[in-house]
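Asks: Mind looking over this structure? Questions follow.
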Amino acid sequence: MPLDTSSYSLALLRVDGRRWNELRRINAQIRTQAAADGSSYLEMGHTKVMCVVTGPSEPFGPARVGRTGAGAGATAGASGGEAGVVVSIVVAGFSSVDRKRRGRGDKRIQELQSTISSALAASLHTHLFPHSTISISLHVLSQDGSLLAALINAATLACVDAGIPMTDYVAACTAGSTSTYAANDESADPLLDLNHQEEQELPGLTVATLGDSDRVAVLVCESRVQVSRLEGMLAVGVDGCKQVRAILDRVVRDKGRKMVQEGTVQKGVGLEDMEVD
Amino acid sequence: MASLKRSVDPGTVGSNISSKVYVRSTKSGKVQKIVREVYLRQDIPCSSRLCQACLKSAPRDAAGRPTPFVLSEQPAGTREFPQGHYLVPDTNAFLTAMDLFEQSSAFYDVVVLQIVLEEVRNRSLPLYNRLISLTKSEDKRFYVFFNEFRLETYINREDGESVNDRNDRAVRKAVKWYGEHLARSAARKAQKAPAVVMLSNDRDNLRKARAEGLPACSLAEYVNQLKDGERLLDMIPETQDREVTEGKKKPGEHLYPEYFSMSKMMTGVKGGVLHQGIFNVSPYNYLEGSIRVPAFPKALLILGRENINRAVDGDLVVVEVLPKDQWKEPSTQVIEEEAMTKNENPDTEEGSDLVSEKERKALQEEVKRTQAQKTEGHPIPTAKVVGVIKRNWRQYVGHIDQSSVSQSSQQGRKQDTVFVIPMDKKIPKIRLRTRQVAELVGKRILVTIDAWDRDSRHPVGHFIRSLGELETKAAETEALLLEWDVQYRPFPKTVLDCLPKEGHGWKVPESKDDPGWRDRADLRDLLICSIDPIGCQDIDDALHSRPLPNGNFEVGVHIADVSHFVKPNNAMDAEASIRGTTVYLVDKRIDMLPMLLGTDLCSLKPYVERYAFSVIWELTPDADIVNARFTKSVIKSREAFSYEQAQLRVDDESQQDDLTKSIRTLLALSRKLKQKRLDAGALSLSSPEVKVQMESETSDPIDVKVKQLLDTMSLVEEFMLLANTSVAAKIYEAFPQTAILRRHAAPPKTNFDELGNQLRVKRGLELNVESSRALADSLDRCVDPANPFFNTLVRIMATRCMMSAEYFCSGTQAYPEFRHYGLASDIYTHFTSPIRRYADLVAHRQLAAAIEYEAVDPSVRSRGKLEAVCKNINVRHRNAQMAGRASIAYYVGQSLKGKETIEDGFVIKIFSNGFVVLVPRFGVESLIRLRDLHDPEPQAEYDAENYVLKTSGSREVTVELFQKVRVRVTDQKDESTGKRGVKMDLVDTYGR
Ligand SMILES: [Zn+2]
């Protein structure tokens with residue numbers, strides 16, 4: 001077994017060889033499923049998720065209006081004037097080492113669903129699609145920490161692919177601290193993008209920002225940490241979100257350029273603004 | 001929104017990300033497949049001060065501080081590497097010879113590879129911790145190089161390659177890279193690069209390294225090149241040495257049965273066929289061990305060398321119960337290792353029989369005896385050791401058995417094998433190979449056990465260092481501290497840096513606006529005094545009392561406010577938590593906190609203002625608590641009394657001042673408190689306590705006195721108990737999960753079986769152990785009109801049947817388990833001695849948080865951390881007691897040197913070939929064997945049922961349990977253990 005997170009102070013290296021301010025490798029694709037309205041696949045290190053977006057679509061029958069999310073996922077903004085954002089997450093049994101099955105009613109999954117749903121609802125222009133539903137279906141294929149962040153990023157990409165108007169990317173990542181709460185170490189370094197082992201051993205938070213701004217869209221912190229360390233962690237997290245946004249943006253632009261080259265889409269007016277060159 | 005504060009510009013620091021290359025490596029665990037990413041990089045520095053290239057890309061932390069380079073620019077040279085060298089040891093080198101690396105004479109500039117660190121951690125956590133502390137020491141210059149993360153030194157495991165082979169290859173790869181890298185760096189500076197030398201005791205690895213043209217040495221080869229190599233050579237473990245130099249094993253019979261495999265043991269334990277527990281050796285018989293396992297109410301017996309099968313006292317072992325026809329009674333015979341194995345030759349033991357003729361005879365006599373009385377005997381299940389889960393080996397203090405030293409080795413410097421006899425009688429003698437027998441004979445030495453192979457009668461160890469001449473005060477004191485693992489080195493600078501910078505000039509601030517006065521009660525006008533033993537410098541506690549208008553009394557216990565000076569998690573706190581307690585030896589005190597705090601700033605000295613933590617009660621004249629309050633305070637003690645002074649003052653009717661009156665009030669209240677405790681069933685136990693009087697000039701011991709008990713001692717004790725109990729209730733209320741408390745479990749009834757039977761048979765007394773109350777009452781009834789000491793004797797023996805009290809974290813036990821059996825209190829903690837006990841300091845922090853004086857520090861709320869603290873201080877507490885007792889025993893021996901006295905003693909234990917006598921006057925007990933009675937040894941008849949030993953032949957005496965005898969007490973240097981100890985001879989049996 002490799003060393004644990006306490007060895008950071010020996011050479012300022014984390015358990016996987018990264019420095020404190022480095023993201024893991026992020027690999028993303030959009031339009032992975034041609035049949036879907038919008039789809040994406042995203043890897044942050046070994047955390048691998050897939051997303052399919054359907055909609056915005058009118059509900060099939062009157063019976064489903066208003067209770068769409070109750071059974072299958074979390075809904076945000078489903079009141080009459082705006083489109084509802086329904087998020088459902090399926091965690092594959094093989095995604096984690098212990099192969100634990102998580103049912104649909106699992107409290108943690110419900111919490112993730114509602115967090116993602118409200119984060120995206122704030123960025124998507126849901127008011128353009130009254131009485132309709134945007135349903136986001138996420139599949140977790142592999143887990144190695146920062147799951148919520150990966151899910152948010154994948155959902156953002158899929159929504160872009162689906163062509164749903166939105167204010168800006170919602171880009172997310174995690175931040176942590178190099179020593180535990182109990183160690184109460186004032187000089188602890190903040191950490192960017194926690195993997196599973198770090199998440200288990202160290203305090204951490206998930207942050208998502210809107211586009212290039214410092215506007216925080218999601219902030220989830222489930223571990224105990226001294227308040228004095230929080231600001232440093234948050235700053236690192238927000239910087240990380242900007243790096244993530246740049247990566248997501250590049251994925252979208254690359255795909256756009258490719259599609260133009262392949263002739264899948266015509267180069268339109270809008271695309272000229274995207275500086276395809 | 002306001003922009004967040006950012007300490008560094010992310011643009012510059014993150015610039016090396018783009019140059020990263022990713023390789024994923026799969027590491028398989030036992031069952032689960034764990035896939036971990038490894039990010040390979042080129043900015044991990046070599047950390048040599050010689051190198052300019054690495055300096056540019058040196059990593060910085062979040063505050064932008066670079067890590068300083070560790071390895072010296074001009075490292076020391078050796079014969080073979082005159083240009084200087086860096087060492088790169090492999091895992092085995094650290095595992096087997098950590099002591100070498102901790103030497104101050106050599107082993108500087110060492111590169112610890114990540115892969116090596118990982119392997120050391122997997123193999124032994126204590127060694128890993130020692131290695132980590134080496135890397136943190138500034139002068140040793142140990143650098144951890146993360147070879148697994150550096151692109152150039154990372155390697156993939158090849159098909160068919162074992163993990164060990166792959167790791168060895170990784171070590172060689174790193175050595176190679178270091179060599180080339182430094183050569184480049186040095187060339188740029190036109191210097192000669194230091195050699196990078198791989199250290200290994202693995203022959204295969206050494207061979208491969210040489211084939212690749214890498215500089216490589218075995219430990220022995222390397223040490224040979226050093227200046228004081230000869231001394232260090234002894235520290236190289238025996239087993240490895242043999243592997244490297246001989247590489248072959250003698251064929252032949254194994255002496256001991258083979259251990260089961262780990263999985264077989266685990267399955268067996270799970271299935272209830274095998275049992276797991278801690279192996280204990282009988283203090284009177286080195287061939288008899290016992291082990292407590294959950295499946296049996298009484299401890300299982302393990303008899304004889306073969307069944308003990310290389311287990312050493314304290315090891316965690318797995319045993320198999322033997323068939324019923326092999327069950328035996330515990331031995332009634334004293335068997336001492338020195339006497340039995342005196343003539344063994346350390347060199348030629350390999351081929352000899354496992355059980356020597358002498359041992360066999362001793363055991364046979366046992367069997368004969370048991371068979372003779374088969375009808376009435378109660379055989380106890382016996383077992384044999386089938387494997388060791390975890391060794392409890394540590395460093396042992398001992399000395400070389402003079403008789404095992406050959407004449408030639410006294411002169412020459414050739415390697416010789418000798419026996420080392422550990423001070424701890426429960427540890428078997430250790431075979432040691434050394435080149436410096438001549439110097440080491442007659443010295444106290446420190447050794448460790450390396451291994452105990454199946455074909456070696458005795459464990460094999462290696463020499464660490466010499467403590468000095470036997471029987472010199474310095475050597476014996478250090479030996480004692482090492483044996484009980486007491487940290488006695490001076491406090492490091494980091495700890496001293498935590499002290500207030502005013503030093504002895506520190507004062508309670510004059511202005512009450514000072515933050516130090518925040519939420520502190522001003523109790524300076526109270527008539528507070530302290531009562532302690534003579535010469536006490538670290539005054540933890542002080543008291544006061546005054547009458548209240550309503551007829552009640554206000555009583556205050558004021559405890560040194562140590563938590564004001566020792567903040568959680570700084571270096572001083574860490575050191576104190578490791579030390580756990582101050583250790584008191586006869587002539588020496590090893591402090592938990594630096595002197596400045598312990599004897600000055602925290603100490604509640606008289607006539608000066610001091611910070612305190614006060615517990616103040618309103619008590620009725622019957623000593624019932626009306627209310628209690630807790631506050632931080634400032635006090636000014638009026639006087640520091642000794643127990644004797646205070647007693648004189650109280651007894652002197654002419655003293656009518658307020659201070660004396662208040663002590664009288666306290667005394668009256670304390671008597672009532674004591675009566676209440678006794679009514680509740682508190683035990684009054686006893687251990688023979690004596691005091692060594694020293695001559696003031698030479699500090700040589702001149703006399704031994706039995707400790708006198710004064711009322712004033714009981715006064716202080718009662719109020720400290722009251723304060724501890726009140727504080728325990730308060731912190732438990734505030735922190736139900738994490739309060740630090742102290743409990744004393746009720747002893748299992750079987751512990752008293754023997755004593756109960758002895759009292760019944762010998763005196764017709766019944767010992768009732770139903771409850772602490774019943775026990776206290778029945779102990780009170782154990783009196784012998786003809787022998788006033790008898791009651792104390794029974795109490796001493798009962799004390800030895802008790803469990804030991806322990807610290808614990810409240811969340812780990814159910815409330816009924818909190819009970820302190822001995823004090824008959826439902827809840828208890830330690831609060832009153834924070835200068836000398838770490839538990840009290842934690843209780844202070846918790847109480848301060850409970851009364852909202854300060855915020856709760858996470859370290860006193862984290863259950864995991866508190867459990868670790870409790871575990872450590874429980875061990876330290878016990879060790880400190882044992883060290884203190886051993887110190888008294890040593891000085892008692894010294895004070896008897898050259899004297900001869902006749903004293904009264906009592907028989908407390910009887911064997912078939914001897915008996916143990918306790919002499920209260922000196923607080924010592926000693927074994928008198930049959931052969932000590934007369935030469936030639938008299939015949940003896942042992943009546944186990946009635947605890948009577950009757951000798952006949954050359955000398956006729958009858959000795960029975962509890963009997964009063966007269967003995968001649970002399971000192972004797974035991975040639976075999978090297979200890980000066982008390983020797984007793986039976987003079988008279990008072991008419992029997
Ligand atoms: Zn370098």
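Ordering of the structure tokens sets the chain letters (A, B, ...), residue numbers begin anew at 1 in every chain, and ligands are numbered from 1 in the order given.
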As JSON, numbers by chain, please: every protein or nucleic acid residue near ligand 1 (cut-off 7 Å, counting only C-alpha atoms and all ligand atoms).
Replies: {"B": [45, 46, 47, 48, 51, 52, 53, 54, 181, 182, 185]}
Asks: Identify, on the basis of only C-alpha atoms, every residue whose closest approach to Ala122 of chain A does not exceed 12 Å; exclude the query and any residue fewer than 6 positions from it along the same chain; express the result as a list in words.
Replies: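 Contacts, with the query itself left out: Ala76, Gly77, Glu82, Ala83, Gly84, Val85, Thr115, Ile116, Thr156, Pro165, Met166, Thr167, Asp168, Tyr169, Val170, Ala208, Thr209, Leu210, Arg215, Val216, Ala217 and Val218 of chain A.
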Asks: When you count only C-alpha atoms, which of these residues is closest to chain B: A:Leu10, A:Val220, A:Val86, A:Met259?
Replies: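 Ranked by minimum distance to chain B, first place goes to A:Leu10.
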Asks: With 8 Å as the limit and counting only C-alpha atoms, what residues in chain A lie close to chain B? Please list them as a short mmCIF file (atom, residue, chain, number, x, y, z; two decimals) with N, CA and C atoms, in the first residue's frame.
Replies:
data_model
loop_
_atom_site.label_atom_id
_atom_site.label_comp_id
_atom_site.auth_asym_id
_atom_site.auth_seq_id
_atom_site.Cartn_x
_atom_site.Cartn_y
_atom_site.Cartn_z
N MET A 1 0.84 -1.21 0.00
CA MET A 1 0.00 0.00 0.00
C MET A 1 0.87 1.26 0.00
N PRO A 2 0.46 2.23 -0.74
CA PRO A 2 1.22 3.47 -0.75
C PRO A 2 1.09 4.22 0.58
N LEU A 3 1.84 5.29 0.70
CA LEU A 3 1.79 6.09 1.91
C LEU A 3 0.44 6.80 2.00
N LEU A 10 6.50 15.79 3.70
CA LEU A 10 7.87 15.34 3.44
C LEU A 10 8.45 16.01 2.20
N ALA A 11 7.65 16.11 1.14
CA ALA A 11 8.20 16.69 -0.08
C ALA A 11 7.15 17.49 -0.85
N LEU A 12 6.09 17.90 -0.14
CA LEU A 12 5.01 18.65 -0.76
C LEU A 12 4.42 17.91 -1.96
N ASP A 16 -0.83 10.89 -4.98
CA ASP A 16 -0.72 10.44 -6.36
C ASP A 16 0.35 11.20 -7.13
N GLY A 17 1.16 11.97 -6.42
CA GLY A 17 2.26 12.65 -7.09
C GLY A 17 1.94 14.07 -7.52
N ARG A 18 0.75 14.55 -7.22
CA ARG A 18 0.44 15.93 -7.62
C ARG A 18 0.93 16.92 -6.58
N TRP A 20 0.02 20.65 -4.56
CA TRP A 20 -1.22 21.07 -3.89
C TRP A 20 -2.22 21.73 -4.83
N ASN A 21 -1.72 22.39 -5.88
CA ASN A 21 -2.62 23.21 -6.69
C ASN A 21 -2.87 22.61 -8.06
N GLU A 22 -2.69 21.31 -8.19
CA GLU A 22 -2.87 20.70 -9.50
C GLU A 22 -4.15 19.89 -9.60
N GLY A 45 -9.61 12.31 -13.34
CA GLY A 45 -8.83 11.20 -12.81
C GLY A 45 -9.58 9.92 -13.09
N HIS A 46 -9.79 9.12 -12.03
CA HIS A 46 -10.50 7.87 -12.21
C HIS A 46 -11.99 7.98 -11.96
N VAL A 97 -14.81 0.44 -5.27
CA VAL A 97 -14.05 -0.76 -4.93
C VAL A 97 -14.90 -1.76 -4.16
N ASP A 98 -15.75 -1.24 -3.27
CA ASP A 98 -16.52 -2.18 -2.45
C ASP A 98 -17.78 -2.70 -3.15
N TYR A 181 -8.72 17.71 10.60
CA TYR A 181 -9.33 18.67 11.52
C TYR A 181 -8.68 18.56 12.89
N ALA A 182 -8.52 17.32 13.36
CA ALA A 182 -8.02 17.13 14.72
C ALA A 182 -6.58 17.61 14.87
N ALA A 183 -5.82 17.55 13.78
CA ALA A 183 -4.43 17.99 13.87
C ALA A 183 -4.34 19.49 14.10
N ASN A 184 -5.38 20.21 13.67
CA ASN A 184 -5.47 21.64 13.94
C ASN A 184 -4.19 22.37 13.53
N ASP A 185 -3.72 22.06 12.36
CA ASP A 185 -2.45 22.57 11.88
C ASP A 185 -2.69 23.87 11.13
N ASP A 189 -1.52 23.31 4.00
CA ASP A 189 -1.73 23.82 2.65
C ASP A 189 -3.13 23.45 2.17
N PRO A 190 -3.75 24.32 1.37
CA PRO A 190 -5.00 23.90 0.73
C PRO A 190 -4.67 22.92 -0.40
N ASP A 214 -16.31 34.97 -9.96
CA ASP A 214 -16.11 34.35 -8.66
C ASP A 214 -17.45 33.95 -8.05
N ARG A 215 -18.53 33.99 -8.87
CA ARG A 215 -19.85 33.72 -8.30
C ARG A 215 -19.99 32.24 -7.99
N GLU A 231 -11.06 29.74 4.09
CA GLU A 231 -10.89 30.74 3.04
C GLU A 231 -9.86 30.28 2.01
N GLY A 232 -8.75 29.77 2.50
CA GLY A 232 -7.72 29.27 1.60
C GLY A 232 -8.24 28.16 0.71
N ALA A 235 -10.58 29.62 -1.92
CA ALA A 235 -9.86 30.35 -2.97
C ALA A 235 -9.27 29.36 -3.98
N VAL A 236 -8.67 28.30 -3.46
CA VAL A 236 -8.08 27.30 -4.34
C VAL A 236 -9.17 26.62 -5.16
N ASP A 239 -10.35 28.94 -7.95
CA ASP A 239 -9.36 28.95 -9.03
C ASP A 239 -9.45 27.66 -9.84
#
Asks: Between A:Thr206, A:Ser117, A:Ser40, A:Ser213, which is the closest to Leu148 of chain A once you count only C-alpha atoms?
Replies: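 Distance minimum relative to Leu148 of chain A lands on A:Thr206.
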Asks: Work out how far atom CA of Met44 of chain A is from atom CA of Arg24 of chain A, in Å to one decimal.
Replies: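 Atom-to-atom, atom CA of Arg24 of chain A to atom CA of Met44 of chain A, that is 6.2 Å.
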Asks: For Lys730 of chain B, work out the shell of residues within 10 Å, counting only C-alpha atoms and skipping chain neighbours fewer than 4 positions away, then give it as a PyMOL selection string.
Replies: chain B and resi 628-630+724-726+734-736+739+846-847+850-851
Asks: Write out as a PyMOL selection string the residues lying within 12 Å of Val716 of chain B, counting only C-alpha atoms and excluding same-chain residues fewer than 5 positions away.
Replies: chain B and resi 529-533+540-544+556-558+641-643+646-647+663+666-671+673-674+710-711+721-723+832
Asks: Could you turn the residues from that selection into a file that holds N, CA and C atoms, as an mmCIF file, in the first residue's frame?
Replies:
data_model
loop_
_atom_site.group_PDB
_atom_site.id
_atom_site.type_symbol
_atom_site.label_atom_id
_atom_site.label_comp_id
_atom_site.auth_asym_id
_atom_site.auth_seq_id
_atom_site.Cartn_x
_atom_site.Cartn_y
_atom_site.Cartn_z
ATOM 1 N N CYS B 529 -3.160 27.977 51.142
ATOM 2 C CA CYS B 529 -1.834 27.412 51.401
ATOM 3 C C CYS B 529 -1.714 26.068 50.698
ATOM 4 N N SER B 530 -0.499 25.605 50.563
ATOM 5 C CA SER B 530 -0.296 24.299 49.939
ATOM 6 C C SER B 530 0.357 23.362 50.948
ATOM 7 N N ILE B 531 0.035 22.092 50.843
ATOM 8 C CA ILE B 531 0.619 21.084 51.743
ATOM 9 C C ILE B 531 1.153 19.949 50.881
ATOM 10 N N ASP B 532 2.451 19.717 50.937
ATOM 11 C CA ASP B 532 3.086 18.731 50.054
ATOM 12 C C ASP B 532 4.195 18.005 50.792
ATOM 13 N N PRO B 533 4.780 16.987 50.151
ATOM 14 C CA PRO B 533 5.947 16.352 50.772
ATOM 15 C C PRO B 533 7.092 17.351 50.904
ATOM 16 N N ASP B 540 1.327 21.473 42.611
ATOM 17 C CA ASP B 540 0.159 21.421 41.742
ATOM 18 C C ASP B 540 -1.066 22.047 42.386
ATOM 19 N N ASP B 541 -1.169 21.858 43.716
ATOM 20 C CA ASP B 541 -2.452 22.163 44.326
ATOM 21 C C ASP B 541 -2.293 22.986 45.586
ATOM 22 N N ALA B 542 -3.307 23.790 45.880
ATOM 23 C CA ALA B 542 -3.361 24.557 47.114
ATOM 24 C C ALA B 542 -4.817 24.584 47.563
ATOM 25 N N LEU B 543 -5.029 24.885 48.845
ATOM 26 C CA LEU B 543 -6.379 24.791 49.396
ATOM 27 C C LEU B 543 -6.720 26.006 50.228
ATOM 28 N N HIS B 544 -8.006 26.209 50.432
ATOM 29 C CA HIS B 544 -8.424 27.184 51.436
ATOM 30 C C HIS B 544 -9.787 26.767 51.961
ATOM 31 N N GLY B 556 -12.034 25.644 48.873
ATOM 32 C CA GLY B 556 -11.520 25.776 47.508
ATOM 33 C C GLY B 556 -10.303 24.908 47.300
ATOM 34 N N VAL B 557 -10.269 24.246 46.153
ATOM 35 C CA VAL B 557 -9.065 23.548 45.726
ATOM 36 C C VAL B 557 -8.555 24.293 44.505
ATOM 37 N N HIS B 558 -7.317 24.730 44.551
ATOM 38 C CA HIS B 558 -6.770 25.546 43.480
ATOM 39 C C HIS B 558 -5.642 24.784 42.816
ATOM 40 N N PHE B 641 3.420 24.455 53.068
ATOM 41 C CA PHE B 641 3.763 23.591 54.187
ATOM 42 C C PHE B 641 4.230 22.242 53.695
ATOM 43 N N SER B 642 5.066 21.607 54.515
ATOM 44 C CA SER B 642 5.265 20.180 54.320
ATOM 45 C C SER B 642 4.202 19.491 55.166
ATOM 46 N N TYR B 643 3.959 18.204 54.876
ATOM 47 C CA TYR B 643 2.962 17.486 55.666
ATOM 48 C C TYR B 643 3.288 17.587 57.157
ATOM 49 N N ALA B 646 2.628 21.110 58.584
ATOM 50 C CA ALA B 646 1.206 21.359 58.730
ATOM 51 C C ALA B 646 0.656 20.581 59.917
ATOM 52 N N GLN B 647 1.136 19.343 60.060
ATOM 53 C CA GLN B 647 0.655 18.514 61.168
ATOM 54 C C GLN B 647 1.013 19.153 62.510
ATOM 55 N N ILE B 663 -6.949 25.307 58.259
ATOM 56 C CA ILE B 663 -6.456 23.936 58.029
ATOM 57 C C ILE B 663 -7.200 22.971 58.942
ATOM 58 N N LEU B 666 -10.434 22.212 57.406
ATOM 59 C CA LEU B 666 -10.253 21.275 56.295
ATOM 60 C C LEU B 666 -10.055 19.857 56.823
ATOM 61 N N LEU B 667 -9.290 19.754 57.892
ATOM 62 C CA LEU B 667 -8.995 18.445 58.446
ATOM 63 C C LEU B 667 -10.278 17.779 58.946
ATOM 64 N N ALA B 668 -11.095 18.582 59.643
ATOM 65 C CA ALA B 668 -12.345 18.033 60.176
ATOM 66 C C ALA B 668 -13.245 17.578 59.024
ATOM 67 N N LEU B 669 -13.343 18.416 57.989
ATOM 68 C CA LEU B 669 -14.195 18.054 56.850
ATOM 69 C C LEU B 669 -13.641 16.827 56.138
ATOM 70 N N SER B 670 -12.325 16.746 56.030
ATOM 71 C CA SER B 670 -11.742 15.634 55.277
ATOM 72 C C SER B 670 -12.015 14.309 55.971
ATOM 73 N N ARG B 671 -12.056 14.328 57.317
ATOM 74 C CA ARG B 671 -12.361 13.087 58.040
ATOM 75 C C ARG B 671 -13.766 12.613 57.700
ATOM 76 N N LEU B 673 -15.409 13.353 54.947
ATOM 77 C CA LEU B 673 -15.416 12.889 53.553
ATOM 78 C C LEU B 673 -14.891 11.462 53.473
ATOM 79 N N LYS B 674 -13.839 11.198 54.221
ATOM 80 C CA LYS B 674 -13.237 9.872 54.182
ATOM 81 C C LYS B 674 -14.221 8.833 54.698
ATOM 82 N N LEU B 710 0.366 10.631 57.883
ATOM 83 C CA LEU B 710 -0.060 11.750 58.713
ATOM 84 C C LEU B 710 -1.484 12.136 58.328
ATOM 85 N N ASP B 711 -2.198 12.707 59.256
ATOM 86 C CA ASP B 711 -3.554 13.170 58.973
ATOM 87 C C ASP B 711 -3.572 14.171 57.826
ATOM 88 N N LEU B 721 -9.523 14.089 45.808
ATOM 89 C CA LEU B 721 -10.514 13.134 45.304
ATOM 90 C C LEU B 721 -11.826 13.845 45.033
ATOM 91 N N LEU B 722 -12.191 14.736 45.956
ATOM 92 C CA LEU B 722 -13.459 15.446 45.788
ATOM 93 C C LEU B 722 -13.418 16.316 44.532
ATOM 94 N N ALA B 723 -12.296 17.025 44.344
ATOM 95 C CA ALA B 723 -12.165 17.886 43.164
ATOM 96 C C ALA B 723 -12.216 17.040 41.892
ATOM 97 N N THR B 832 -6.080 17.164 39.327
ATOM 98 C CA THR B 832 -5.373 17.950 40.327
ATOM 99 C C THR B 832 -3.857 17.994 40.175
#
Asks: Enumerate as a list in words all residues of segment 115-181 of chain A assigned to alpha helix (DSSP H) by DSSP on the backbone, naming them with the chain letters and numbers the document uses.
Replies: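 After running DSSP on the backbone, segment 115-181 of chain A has alpha helix (DSSP H) at Thr115, Ile116, Ser117, Ser118, Ala119, Leu120, Ala121, Ala122, Ser123, Leu147, Leu148, Ala149, Ala150, Leu151, Ile152, Asn153, Ala154, Ala155, Thr156, Leu157, Ala158, Cys159, Val160 and Asp161 of chain A.
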